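In what follows, a structure is listed as structure tokens, so that the remarks can point back to it.
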Amino acid sequence: MSDYDFEAMQRRWRPVWESLGHLAAGATNGQRRSLVDMFAYPSGDLHMGHAEAYALGDAVARFWMQQGYDVLHPVGWDSFGLPAENAAIRRGEHPADWTYANIETQAESFRRYAVSFDWRTRLHTSDPEYYRWTQWLFLRFYERGLAVRRRAAVNWCPVDRTVLANEQVVAGQCERCGSPVTRRELTQWFLTITAYAEQLLDDMAELEGHWPAPVLTMQRNWIGRSAGAYLDFGPFEVFTTRPDTVFEATFLVVAPDSPLASSLCTAGQRRAFDDYVSRVRAMSEIERTTADRAKTGVFLGAYGHHPFTGERLPIWAADYVLPSYGTGAVMAVPAHDQRDLAFAQAHDLPVRPAAAPAATFPADRVIAEAEARGVGRGGVTYKLRDWLVSRQRFWGCPIPIVHCATCAIVPVPDDQLPVRLPDLRGDQLVPGEVSPLAAARDWVEVDCPRCGGPAERDTDTLDTFVDSSWYFLRYCSPAYGEGPFDPQAVRRWMPVDQYVGGSEHAVMHLLYVRFFTKVLRDLGLVDFAEPFRRVLTQGQVILNGAAMSKSKGNLVDLGEQIDTYGVDAVRLTMVFAGPPEDDVDWADVSPAGSVRFLSRALRLATDVGPTPPAGPGDERLRRTTHRLVRAITGLMEERRLNVVVARAMELANAARRAIDDGSAADPAVREAAEALAVVLSLFTPYTAEEMWARLGHPPGVARAGWPVVDPELAAEPTVICALQVNGKLRDRLEVPADITADDLIALALASPAAAGRTVTRTVVRPPRLVNLVVSG
Ligand code: ANZ
Ligand code: ZN
């Protein structure tokens with residue numbers, strides 16, 4: 001281990017690589033591939049989670065580089081957001097101070113961590129040159145009717161007088177001051193993602209097998225398609241997934257906080273109704289939909305009529321019906337639906353027992369009949385809601401809209417973009433009566449771009465998920481000034497071949513990016529509908545089975561790990577810990593073990609030395625090398641990176657055995673050591689470069705070229721194995737010459753000769769004989 005001086009290697013190779021520029025896009029004229037890591041958020045320095053994610057992504061990018069591809073591996077920061085704003089308030093600074101200082105720290109750490117980024121792509125979403133185009137895109141959405149203003153209920157802290165994001169509401173209380181959070185109606189901007197629900201669902205077919213199955217399942221559930229029928233009960237339609245139960249419907253229920261309920265309510269019931277609505281408005285949706293809650297509600301004094309029988313049905317308002325799902329109204333069928341039954345019992349409403357099976361009508365017949373009579377139709381509905389993008393926050397992308405008393409909503413003309421944030425800092429960012437931007441009167445008051453009269457800027461900023469919904473396209477031409485991206489550059493690199501990031505983004509971020517891409521396609525700006533061909537979601541880095549967090553005091557500091565073990569050992573440990581999608585428990589892994597392996601690998605290169613020997617080379621070792629390289633190639637394609645490391649260790653062991661047998665000067669040993677250096681260059685770039693140098697090569701192992709497999713050498717030799725049952729020959733199996741006893745038994749048990757027999761004992765002599773002893 002004495003020889004393994006990781007600090008010296010890190011010092012030595014970084015400047016060499018930076019001057020080589022061999023990792024940048026355009027460095028070769030091979031076929032193009034793009035690998036995008038999810039944005040880093042610049043809160044503090046890089047942490048263990050980054051170390052894992054970027055080690056995995058980098059291994060894939062570097063694999064492609066070794067294969068001769070021209071690889072785009074860009075870097076950027078999602079640099080708007082609340083943490084910067086809170087830090088700025090605490091420190092009396094501008095959010096940019098904290099943000100850009102952290103970005104510099106992280107950039108330096110990324111360089112030390114030796115991620116194969118092309119630094120020319122670097123972008124930050126809080127740069128005016130970037131958010132100018134976020135605003136430009138927002139305006140294109142607006143022109144298409146995909147950005148709309150609507151009243152919506154939001155979380156409101158009555159003490160801080162501010163809107164809170166869902167994450168800022170902890171157990172119904174304001175995260176900052178602890179007072180109970182209420183609901184409030186505000187006019188907000190929405191992006192109408194629901195218009196794309198069907199496409200978002202349909203296009204998942206092409207992602208099947210290329211995206212993690214759990215991510216696709218979560219997206220499917222989030223979109224939540226339900227098929228059923230819309231049936232007309234007079235004053236309104238209901239959505240039902242059970243049209244077959246229509247003859248057992250006994251009353252109707254509407255969402256109390258919908259315009260429908262208010263318009264139906266009769267004078268006599270108005271007081272009770274208003275009273276009820278104010279209570280409902282204070283509740284969150286999660287509370288409302290809890291299954292075992294008491295079924296509260298009020299009668300509206302109104303009636304509907306059954307679409308088939310004409311029967312008069314009372315209309316109630318109750319909070320278990322939500323205003324924004326289906327039509328905001330249901331037909332209540334107590335005989336079939338548990339919630340309706342509980343409600344009927346609580347309010348003494350009739351229950352009509354389910355008809356005998358022979359007397360029921362199948363759903364399709366009810367739908368056909370309803371369509372024939374003009375009282376309904378088959379249809380679908382989605383759980384997906386439109387995307388609320390307004391934030392009453394400072395450190396975000398200003399919404400490029402002006403409100404004019406005469407002209408109403410006026411988009412800021414493209415040639416006046418970007419709408420820059422004003423220069424607010426410290427105390428000016430504390431939300432008061434109004435949001436910080438709304439309080440900046442100099443900034444708010446403008447001349448209307450249309451009529452020139454007095455007008456006001458929109459004082460909300462965009463959800464940061466908007467910024468991160470199109471950044472991958474900007475990477476292709478980060479300095480482009482004529483539009484959000486150069487269409488030609490996008491055609492060259494996009495869609496992204498491999499996207500890598502945390503599974504916490506399985507739903508929102510990945511769904512929003514897919515939505516944006518479809519809109520851009522419809523705008524004619526890109527010619528593909530899905531942004532990412534392949535997605536890898538890595539697990540988390542945890543400690544002793546628990547998530548690491550500052551508050552728990554169990555944070556493992558990445559910088560300290562790197563100081564102790566070196567960059568390469570940390571990277572290797574992350575990859576070797578298990579399948580990429582699994583969590584890495586830092587208590588169960590051994591960075592010291594990684595150091596030992598890497599020092600062994602380096603010693604191999606030292607022992608082989610710089611001078612290429614002559615001669616044919618030991619065939620056994622050559623076969624091992626070629627077989628392992630072939631296996632590793634397949635494993636890399638499947639992203640089974642931890643297994644790749646295990647096989648690289650086998651390769652190192654085989655070469656070491658040959659050296660210990662006195663063959664250091666054998667060309668087969670050099671071949672093995674060189675292959676090992678190239679494989680390790682995907683995971684441990686410093687050690688690999690050092691090995692490469694000791695093997696006598698000029699710097700640049702990252703582009704040395706993937707070892708070429710000789711199919712003849714890699715072919716697995718096979719032998720014929722006798723399969724006996726109770727000592728009698730029953731079959732002949734063709735098996736690999738180096739098959740293990742366990743594999744041979746498994747093969748024998750799976751053969752037709754063993755079918756239906758109870759095996760009590762096995763006798764196995766690999767690779768030529770296996771005997772099954774069966775009873776009866
Ligand atoms: C009658 C019925 C009978 C229903 C029965 C269900 C079972 P999913 O599967 O989640 O789509 N529903 C419709 N709109 C609603 C709203 N805005 N708020 C609360 N509930 C609503 O659920 C669809 C069912 O949920 C619909 O089918 C409707 O109740 C109810 F045995 O209609 B059903
Ligand atoms: Zn105007």
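All residue names refer to the structure tokens as shown: chains lettered A, B, ... in order, residues numbered from 1 in each chain, ligands numbered from 1 in order.
Residues of protein, DNA or RNA lying at most 10 Å from ligand 2, when only C-alpha atoms and all ligand atoms are considered, are Val402, His403, Cys404, Ala405, Thr406, Cys407, Ala408, Ile409, Val410, Asp447, Cys448, Pro449, Arg450, Cys451, Gly452, Gly453, Pro454, Ala455 and Glu456 of chain A.
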- prompt: Residues within 6 Å of ligand 1 (only C-alpha atoms and all ligand atoms), as a PyMOL selection string?
  reply: chain A and resi 226+239-242+245+320-323+325-326+328-333+336-337
- request: Go through A:Val701, A:Glu433, A:Val759, A:His47 and flag the residue nearest A:Cys157, using only C-alpha atoms for the distances.
  value: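 Of A:Val701, A:Glu433, A:Val759, A:His47, the one nearest A:Cys157, counting only C-alpha atoms, is A:Glu433.
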- line: From the list A:Ala665, A:Ile103, A:Pro422, A:Asp386, the nearest residue to A:Pro616 using only C-alpha atoms is A:Ala665
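Relative to atom CA of A:Ala40, atom CA of A:Pro15 is found at 24.0 Å.
You can rank A:Asp275, A:Glu671, A:Asp319, A:Asp203 by their closest distance to A:Val709 using only C-alpha atoms, and at the top of that list sits A:Glu671.
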message: Would you pick out the contacts of stretch 434-436 of chain A at 10 Å or less, using only C-alpha atoms, so that residues sharing its chain but fewer than 4 positions from it are not included, and give the list as a list in words?
response: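 In the requested format, the answer is Arg161, Thr162, Val163, Arg391, Gln392, Arg393, Phe394, Trp395, Leu424, Arg425, Asp427, Gln428, Leu429, Val430, Ala440, Arg441, Thr459 and Asp460 of chain A.
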task: Considering only C-alpha atoms, return as a list in words whatever protein or nucleic-acid residues lie within 7 Å of A:Ile315, sequence-local ones (same chain, fewer than 5 positions apart) excluded.
output: Phe251, Leu252, Val253, Phe299, Leu300, Ala302, Tyr303 and Gly304 of chain A
Next, write the just-selected residues to a file, as a short mmCIF file (atom, residue, chain, number, x, y, z; two decimals), in the first residue's frame, keeping N, CA and C atoms as the atom set.
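Output file result-v8.cif is given in full below:
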data_model
loop_
_atom_site.label_atom_id
_atom_site.label_comp_id
_atom_site.auth_asym_id
_atom_site.auth_seq_id
_atom_site.Cartn_x
_atom_site.Cartn_y
_atom_site.Cartn_z
N PHE A 251 -78.75 9.09 -4.32
CA PHE A 251 -78.64 10.55 -4.12
C PHE A 251 -77.40 11.03 -4.86
N LEU A 252 -77.20 12.35 -4.86
CA LEU A 252 -76.06 12.94 -5.57
C LEU A 252 -75.24 13.77 -4.59
N VAL A 253 -73.92 13.80 -4.81
CA VAL A 253 -73.07 14.60 -3.92
C VAL A 253 -72.13 15.45 -4.77
N PHE A 299 -77.32 19.21 3.03
CA PHE A 299 -78.27 19.11 1.93
C PHE A 299 -78.36 20.49 1.27
N LEU A 300 -78.40 20.52 -0.07
CA LEU A 300 -78.41 21.81 -0.77
C LEU A 300 -79.83 22.30 -1.07
N ALA A 302 -81.66 21.08 -3.28
CA ALA A 302 -81.91 20.90 -4.72
C ALA A 302 -82.01 19.42 -5.06
N TYR A 303 -82.53 19.14 -6.25
CA TYR A 303 -82.71 17.76 -6.70
C TYR A 303 -82.22 17.59 -8.14
N GLY A 304 -81.74 16.41 -8.43
CA GLY A 304 -81.46 16.05 -9.81
C GLY A 304 -82.41 14.93 -10.19
#
Compile a residue-level contact table for stretch 556-651 of chain A against stretch 525-539 of chain A at a cut-off of 6 Å, reporting for every qualifying residue the shortest atom pair and its distance in Å to one decimal, with only C-alpha atoms counted, rows ordered by chain and ascending number, as a Markdown table.
| residue | atom | partner | partner_atom | distance |
| --- | --- | --- | --- | --- |
| A:Pro580 | CA | A:Gln538 | CA | 5.2 |
| A:Glu581 | CA | A:Gln538 | CA | 4.2 |
| A:Asp582 | CA | A:Gly539 | CA | 4.6 |
| A:Asp583 | CA | A:Gly539 | CA | 4.2 |
message: Could you list, as a VMD selection string, every residue within 9 Å of stretch 500-516 of chain A, counting only C-alpha atoms and ignoring same-chain residues fewer than 2 positions away?
response: chain A and resid 35 to 39 49 53 to 54 56 to 57 193 196 to 197 199 to 200 214 to 216 218 to 219 222 387 465 to 466 468 to 470 498 518 to 521 529 to 532 534 to 540 581
Serialized selection, N, CA and C atoms, as a compact mmCIF listing (two decimals), in the first residue's frame:
# COMPACT_ATOMS: atom_id res chain seq x y z
N LEU A 35 -24.80 12.06 -22.28
CA LEU A 35 -25.13 11.60 -20.93
C LEU A 35 -25.34 12.83 -20.07
N VAL A 36 -26.53 12.93 -19.48
CA VAL A 36 -26.82 14.08 -18.64
C VAL A 36 -27.11 13.61 -17.22
N ASP A 37 -26.40 14.21 -16.26
CA ASP A 37 -26.67 13.98 -14.85
C ASP A 37 -27.69 15.01 -14.41
N MET A 38 -28.58 14.64 -13.51
CA MET A 38 -29.49 15.63 -12.98
C MET A 38 -28.67 16.75 -12.37
N PHE A 39 -29.20 17.96 -12.52
CA PHE A 39 -28.62 19.15 -11.95
C PHE A 39 -28.19 18.99 -10.50
N GLY A 49 -24.25 11.86 -1.55
CA GLY A 49 -25.23 11.54 -2.60
C GLY A 49 -24.71 11.93 -3.98
N ALA A 53 -24.00 9.45 -7.31
CA ALA A 53 -24.66 9.67 -8.60
C ALA A 53 -23.66 9.97 -9.70
N TYR A 54 -22.69 10.85 -9.41
CA TYR A 54 -21.77 11.25 -10.47
C TYR A 54 -20.76 10.16 -10.78
N LEU A 56 -21.54 6.99 -10.90
CA LEU A 56 -22.26 6.06 -11.78
C LEU A 56 -22.37 6.63 -13.19
N GLY A 57 -22.82 7.89 -13.27
CA GLY A 57 -22.98 8.51 -14.59
C GLY A 57 -21.65 8.59 -15.32
N ILE A 193 -50.68 20.92 -17.98
CA ILE A 193 -50.10 19.60 -18.29
C ILE A 193 -51.21 18.56 -18.52
N TYR A 196 -51.94 17.12 -21.82
CA TYR A 196 -51.02 16.13 -22.36
C TYR A 196 -51.09 14.79 -21.62
N ALA A 197 -52.10 14.64 -20.77
CA ALA A 197 -52.17 13.42 -19.95
C ALA A 197 -52.14 12.15 -20.81
N GLN A 199 -51.08 11.66 -23.90
CA GLN A 199 -49.78 11.44 -24.57
C GLN A 199 -48.70 11.02 -23.60
N LEU A 200 -48.72 11.63 -22.41
CA LEU A 200 -47.71 11.28 -21.41
C LEU A 200 -47.84 9.79 -21.06
N PRO A 214 -40.07 0.91 -11.72
CA PRO A 214 -40.80 1.63 -10.66
C PRO A 214 -41.10 3.09 -11.05
N VAL A 215 -40.22 3.70 -11.82
CA VAL A 215 -40.46 5.09 -12.24
C VAL A 215 -41.67 5.14 -13.17
N LEU A 216 -41.73 4.20 -14.09
CA LEU A 216 -42.87 4.18 -15.02
C LEU A 216 -44.17 3.92 -14.27
N MET A 218 -44.80 4.68 -11.14
CA MET A 218 -45.17 5.88 -10.38
C MET A 218 -45.76 6.95 -11.29
N GLN A 219 -45.19 7.09 -12.48
CA GLN A 219 -45.75 8.09 -13.41
C GLN A 219 -47.17 7.70 -13.81
N TRP A 222 -49.46 8.45 -11.01
CA TRP A 222 -49.59 9.90 -10.82
C TRP A 222 -50.54 10.48 -11.86
N TRP A 387 -50.32 22.16 -13.50
CA TRP A 387 -49.10 22.43 -12.73
C TRP A 387 -49.10 23.89 -12.29
N PHE A 465 -38.93 24.03 -10.88
CA PHE A 465 -39.07 22.87 -11.77
C PHE A 465 -39.24 23.31 -13.24
N VAL A 466 -39.67 24.56 -13.44
CA VAL A 466 -39.76 25.05 -14.82
C VAL A 466 -38.35 25.23 -15.39
N SER A 468 -35.73 23.64 -14.69
CA SER A 468 -35.05 22.37 -14.93
C SER A 468 -35.80 21.49 -15.93
N SER A 469 -36.83 22.05 -16.58
CA SER A 469 -37.59 21.24 -17.54
C SER A 469 -37.03 21.33 -18.95
N TRP A 470 -36.05 22.19 -19.16
CA TRP A 470 -35.54 22.31 -20.53
C TRP A 470 -34.03 22.49 -20.60
N GLN A 498 -28.57 8.89 -22.15
CA GLN A 498 -28.65 8.34 -20.78
C GLN A 498 -28.82 9.49 -19.81
N LYS A 518 -42.83 17.52 -25.13
CA LYS A 518 -43.97 17.35 -26.04
C LYS A 518 -44.49 18.69 -26.54
N VAL A 519 -44.51 19.68 -25.63
CA VAL A 519 -44.95 21.01 -26.07
C VAL A 519 -43.95 21.58 -27.08
N LEU A 520 -42.66 21.42 -26.80
CA LEU A 520 -41.64 21.93 -27.73
C LEU A 520 -41.75 21.25 -29.09
N ARG A 521 -42.09 19.97 -29.04
CA ARG A 521 -42.30 19.25 -30.30
C ARG A 521 -43.49 19.87 -31.05
N ALA A 529 -40.35 13.45 -29.06
CA ALA A 529 -41.39 13.66 -28.05
C ALA A 529 -40.96 13.22 -26.66
N GLU A 530 -39.88 12.45 -26.59
CA GLU A 530 -39.39 12.00 -25.29
C GLU A 530 -37.96 12.49 -25.09
N PRO A 531 -37.67 13.09 -23.94
CA PRO A 531 -36.35 13.70 -23.75
C PRO A 531 -35.21 12.73 -23.49
N PHE A 532 -35.53 11.59 -22.84
CA PHE A 532 -34.46 10.71 -22.36
C PHE A 532 -34.67 9.28 -22.85
N ARG A 534 -32.87 6.67 -22.10
CA ARG A 534 -32.63 5.72 -21.04
C ARG A 534 -32.44 6.48 -19.74
N VAL A 535 -32.99 5.96 -18.65
CA VAL A 535 -32.87 6.63 -17.35
C VAL A 535 -32.32 5.64 -16.33
N LEU A 536 -31.39 6.12 -15.52
CA LEU A 536 -30.89 5.31 -14.41
C LEU A 536 -31.14 6.11 -13.14
N THR A 537 -31.86 5.51 -12.20
CA THR A 537 -32.09 6.20 -10.93
C THR A 537 -31.29 5.49 -9.84
N GLN A 538 -30.34 6.21 -9.27
CA GLN A 538 -29.50 5.59 -8.26
C GLN A 538 -30.18 5.66 -6.90
N GLY A 539 -29.76 4.75 -6.00
CA GLY A 539 -30.29 4.77 -4.64
C GLY A 539 -29.66 5.90 -3.85
N GLN A 540 -29.92 5.92 -2.56
CA GLN A 540 -29.37 6.95 -1.69
C GLN A 540 -28.15 6.41 -0.96
N GLU A 581 -29.19 0.97 -8.54
CA GLU A 581 -30.47 1.51 -8.06
C GLU A 581 -30.70 1.27 -6.56
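All residues within stretch 499-565 of chain A that the backbone DSSP calculation assigns to strand (DSSP E) are Tyr499, Val500, Gly501, Gly502, Val535, Leu536, Thr537, Gln538, Val541, Ile542, Leu543, Ala546 and Ala547 of chain A.
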Helix (DSSP H, G or I) positions in stretch 507-633 of chain A, given as a short mmCIF file (atom, residue, chain, number, x, y, z; two decimals) with N, CA and C atoms, in the first residue's frame:
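That gives us out-v6.cif:
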data_model
loop_
_atom_site.label_atom_id
_atom_site.label_comp_id
_atom_site.auth_asym_id
_atom_site.auth_seq_id
_atom_site.Cartn_x
_atom_site.Cartn_y
_atom_site.Cartn_z
N MET A 508 -42.32 14.12 -10.32
CA MET A 508 -42.52 15.49 -10.78
C MET A 508 -41.53 15.91 -11.86
N HIS A 509 -40.25 15.92 -11.53
CA HIS A 509 -39.27 16.42 -12.50
C HIS A 509 -39.35 15.65 -13.83
N LEU A 510 -39.34 14.34 -13.74
CA LEU A 510 -39.32 13.56 -14.98
C LEU A 510 -40.61 13.73 -15.78
N LEU A 511 -41.71 13.96 -15.10
CA LEU A 511 -42.97 14.17 -15.81
C LEU A 511 -42.99 15.56 -16.46
N TYR A 512 -42.49 16.55 -15.73
CA TYR A 512 -42.47 17.92 -16.27
C TYR A 512 -41.56 18.01 -17.49
N VAL A 513 -40.42 17.33 -17.45
CA VAL A 513 -39.51 17.37 -18.60
C VAL A 513 -40.17 16.71 -19.80
N ARG A 514 -40.86 15.62 -19.56
CA ARG A 514 -41.55 14.93 -20.66
C ARG A 514 -42.63 15.84 -21.25
N PHE A 515 -43.34 16.52 -20.38
CA PHE A 515 -44.39 17.44 -20.81
C PHE A 515 -43.79 18.58 -21.65
N PHE A 516 -42.73 19.21 -21.14
CA PHE A 516 -42.08 20.29 -21.88
C PHE A 516 -41.65 19.82 -23.27
N THR A 517 -41.07 18.64 -23.31
CA THR A 517 -40.56 18.15 -24.58
C THR A 517 -41.69 17.99 -25.59
N LYS A 518 -42.83 17.52 -25.13
CA LYS A 518 -43.97 17.35 -26.04
C LYS A 518 -44.49 18.69 -26.54
N VAL A 519 -44.51 19.68 -25.63
CA VAL A 519 -44.95 21.01 -26.07
C VAL A 519 -43.95 21.58 -27.08
N LEU A 520 -42.66 21.42 -26.80
CA LEU A 520 -41.64 21.93 -27.73
C LEU A 520 -41.75 21.25 -29.09
N ARG A 521 -42.09 19.97 -29.04
CA ARG A 521 -42.30 19.25 -30.30
C ARG A 521 -43.49 19.87 -31.05
N ASP A 522 -44.58 20.15 -30.32
CA ASP A 522 -45.75 20.73 -30.96
C ASP A 522 -45.50 22.16 -31.44
N LEU A 558 -18.19 14.07 2.69
CA LEU A 558 -17.50 13.59 1.49
C LEU A 558 -16.04 14.04 1.47
N GLY A 559 -15.82 15.30 1.81
CA GLY A 559 -14.46 15.83 1.79
C GLY A 559 -13.53 15.02 2.69
N GLU A 560 -14.03 14.66 3.87
CA GLU A 560 -13.19 13.87 4.80
C GLU A 560 -12.90 12.49 4.24
N GLN A 561 -13.91 11.87 3.62
CA GLN A 561 -13.70 10.54 3.03
C GLN A 561 -12.63 10.62 1.94
N ILE A 562 -12.72 11.69 1.14
CA ILE A 562 -11.75 11.83 0.05
C ILE A 562 -10.36 12.11 0.61
N ASP A 563 -10.29 12.90 1.66
CA ASP A 563 -8.98 13.17 2.27
C ASP A 563 -8.36 11.90 2.83
N THR A 564 -9.21 11.02 3.36
CA THR A 564 -8.69 9.80 3.99
C THR A 564 -8.35 8.72 2.97
N TYR A 565 -9.24 8.51 2.01
CA TYR A 565 -9.08 7.36 1.11
C TYR A 565 -8.71 7.74 -0.32
N VAL A 567 -9.91 10.13 -3.95
CA VAL A 567 -11.06 10.20 -4.85
C VAL A 567 -11.40 8.82 -5.41
N ASP A 568 -10.40 8.12 -5.92
CA ASP A 568 -10.68 6.87 -6.62
C ASP A 568 -11.31 5.83 -5.70
N ALA A 569 -10.81 5.72 -4.47
CA ALA A 569 -11.36 4.71 -3.56
C ALA A 569 -12.81 5.03 -3.21
N VAL A 570 -13.11 6.32 -3.05
CA VAL A 570 -14.50 6.70 -2.76
C VAL A 570 -15.38 6.37 -3.97
N ARG A 571 -14.92 6.71 -5.14
CA ARG A 571 -15.69 6.42 -6.36
C ARG A 571 -15.91 4.91 -6.51
N LEU A 572 -14.84 4.17 -6.33
CA LEU A 572 -14.94 2.71 -6.51
C LEU A 572 -15.89 2.10 -5.48
N THR A 573 -15.82 2.60 -4.26
CA THR A 573 -16.67 2.07 -3.19
C THR A 573 -18.15 2.32 -3.53
N MET A 574 -18.44 3.50 -4.05
CA MET A 574 -19.81 3.84 -4.41
C MET A 574 -20.34 2.86 -5.47
N VAL A 575 -19.51 2.57 -6.45
CA VAL A 575 -19.97 1.73 -7.56
C VAL A 575 -20.05 0.27 -7.13
N PHE A 576 -19.09 -0.15 -6.32
CA PHE A 576 -18.98 -1.56 -5.95
C PHE A 576 -20.01 -1.97 -4.88
N PRO A 591 -14.19 1.50 2.14
CA PRO A 591 -13.29 2.29 1.31
C PRO A 591 -11.84 1.86 1.51
N ALA A 592 -11.49 1.36 2.70
CA ALA A 592 -10.12 0.88 2.92
C ALA A 592 -9.85 -0.34 2.03
N GLY A 593 -10.87 -1.18 1.86
CA GLY A 593 -10.75 -2.33 0.96
C GLY A 593 -10.52 -1.86 -0.47
N SER A 594 -11.20 -0.79 -0.85
CA SER A 594 -11.01 -0.24 -2.20
C SER A 594 -9.58 0.25 -2.37
N VAL A 595 -9.05 0.91 -1.34
CA VAL A 595 -7.66 1.38 -1.40
C VAL A 595 -6.72 0.19 -1.62
N ARG A 596 -6.97 -0.91 -0.88
CA ARG A 596 -6.10 -2.09 -1.02
C ARG A 596 -6.15 -2.64 -2.44
N PHE A 597 -7.35 -2.72 -2.98
CA PHE A 597 -7.46 -3.23 -4.34
C PHE A 597 -6.73 -2.33 -5.33
N LEU A 598 -6.93 -1.03 -5.18
CA LEU A 598 -6.31 -0.09 -6.14
C LEU A 598 -4.80 -0.12 -6.02
N SER A 599 -4.30 -0.31 -4.81
CA SER A 599 -2.83 -0.36 -4.70
C SER A 599 -2.31 -1.65 -5.31
N ARG A 600 -3.09 -2.74 -5.22
CA ARG A 600 -2.70 -4.00 -5.89
C ARG A 600 -2.68 -3.81 -7.41
N ALA A 601 -3.71 -3.11 -7.90
CA ALA A 601 -3.79 -2.88 -9.35
C ALA A 601 -2.57 -2.08 -9.82
N LEU A 602 -2.23 -1.06 -9.03
CA LEU A 602 -1.11 -0.21 -9.40
C LEU A 602 0.20 -1.01 -9.37
N ARG A 603 0.34 -1.87 -8.37
CA ARG A 603 1.55 -2.68 -8.26
C ARG A 603 1.70 -3.62 -9.47
N LEU A 604 0.57 -4.11 -9.97
CA LEU A 604 0.62 -4.93 -11.20
C LEU A 604 1.32 -4.17 -12.31
N ALA A 605 0.87 -2.91 -12.50
CA ALA A 605 1.44 -2.11 -13.59
C ALA A 605 2.92 -1.88 -13.36
N THR A 606 3.27 -1.62 -12.10
CA THR A 606 4.70 -1.42 -11.78
C THR A 606 5.50 -2.67 -12.12
N ASP A 607 4.96 -3.84 -11.75
CA ASP A 607 5.67 -5.09 -11.99
C ASP A 607 5.80 -5.40 -13.48
N VAL A 608 4.79 -5.06 -14.25
CA VAL A 608 4.85 -5.32 -15.69
C VAL A 608 5.83 -4.35 -16.36
N GLU A 619 -1.48 -18.70 -23.14
CA GLU A 619 -2.81 -18.73 -23.70
C GLU A 619 -3.92 -18.78 -22.64
N ARG A 620 -3.64 -19.46 -21.55
CA ARG A 620 -4.65 -19.54 -20.48
C ARG A 620 -5.02 -18.16 -19.95
N LEU A 621 -4.00 -17.37 -19.67
CA LEU A 621 -4.27 -16.03 -19.16
C LEU A 621 -4.96 -15.17 -20.23
N ARG A 622 -4.53 -15.36 -21.46
CA ARG A 622 -5.16 -14.59 -22.53
C ARG A 622 -6.65 -14.92 -22.62
N ARG A 623 -6.97 -16.20 -22.51
CA ARG A 623 -8.40 -16.60 -22.54
C ARG A 623 -9.17 -15.95 -21.40
N THR A 624 -8.58 -15.96 -20.23
CA THR A 624 -9.23 -15.34 -19.07
C THR A 624 -9.48 -13.85 -19.34
N THR A 625 -8.45 -13.17 -19.82
CA THR A 625 -8.59 -11.73 -20.08
C THR A 625 -9.70 -11.47 -21.09
N HIS A 626 -9.69 -12.18 -22.20
CA HIS A 626 -10.68 -11.92 -23.25
C HIS A 626 -12.09 -12.28 -22.80
N ARG A 627 -12.21 -13.35 -22.04
CA ARG A 627 -13.53 -13.71 -21.52
C ARG A 627 -14.06 -12.65 -20.56
N LEU A 628 -13.17 -12.17 -19.69
CA LEU A 628 -13.60 -11.16 -18.72
C LEU A 628 -13.96 -9.85 -19.41
N VAL A 629 -13.17 -9.46 -20.40
CA VAL A 629 -13.48 -8.20 -21.09
C VAL A 629 -14.83 -8.32 -21.80
N ARG A 630 -15.07 -9.48 -22.40
CA ARG A 630 -16.37 -9.65 -23.07
C ARG A 630 -17.52 -9.56 -22.05
N ALA A 631 -17.35 -10.21 -20.92
CA ALA A 631 -18.39 -10.16 -19.89
C ALA A 631 -18.59 -8.72 -19.41
N ILE A 632 -17.49 -8.03 -19.19
CA ILE A 632 -17.56 -6.65 -18.67
C ILE A 632 -18.27 -5.74 -19.67
N THR A 633 -18.01 -5.94 -20.96
CA THR A 633 -18.67 -5.12 -21.98
C THR A 633 -20.19 -5.28 -21.87
#
Residue nearest A:Ala702 - candidates A:Arg62, A:Arg761, A:Arg149, A:Arg730, atoms counted: only C-alpha atoms: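 Distance minimum relative to A:Ala702 lands on A:Arg62.
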Which residues, written as an mmCIF file with C-alpha atoms, in the first residue's frame, have at least one atom at most 10 Å from A:Arg365, with only C-alpha atoms counted and residues fewer than 5 positions away on the same chain left out?
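What follows is the written file around-v9.cif:
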data_model
loop_
_atom_site.group_PDB
_atom_site.id
_atom_site.type_symbol
_atom_site.label_atom_id
_atom_site.label_comp_id
_atom_site.auth_asym_id
_atom_site.auth_seq_id
_atom_site.Cartn_x
_atom_site.Cartn_y
_atom_site.Cartn_z
ATOM 1 C CA PRO A 243 -71.887 2.914 -14.723
ATOM 2 C CA ASP A 244 -73.192 -0.625 -14.076
ATOM 3 C CA ALA A 370 -77.008 6.556 -22.206
ATOM 4 C CA GLU A 371 -75.475 7.626 -25.519
#
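Interatomic distance, atom CA of A:Ser19 against atom CA of A:Pro685: 15.7 Å.
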- request: For A:Trp189, please output as a list in words all residues within 7 Å (counting only C-alpha atoms; exclusion window: fewer than 3 positions along the same chain).
  value: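 The filter keeps Ala147, Val148, Arg149, Arg150, Leu388, Val389 and Ser390 of chain A.
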Coordinates-based distance that separates atom CA of A:Asp45 from atom CA of A:Asp5 (Å, one decimal): 24.6 Å
- prompt: Which residue gives the smallest distance to A:Asn102 among A:Lys383, A:Arg220, A:His124, A:Arg184, with only C-alpha atoms counted?
  reply: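 Going through A:Lys383, A:Arg220, A:His124, A:Arg184 one by one, the smallest distance to A:Asn102 is for A:His124.
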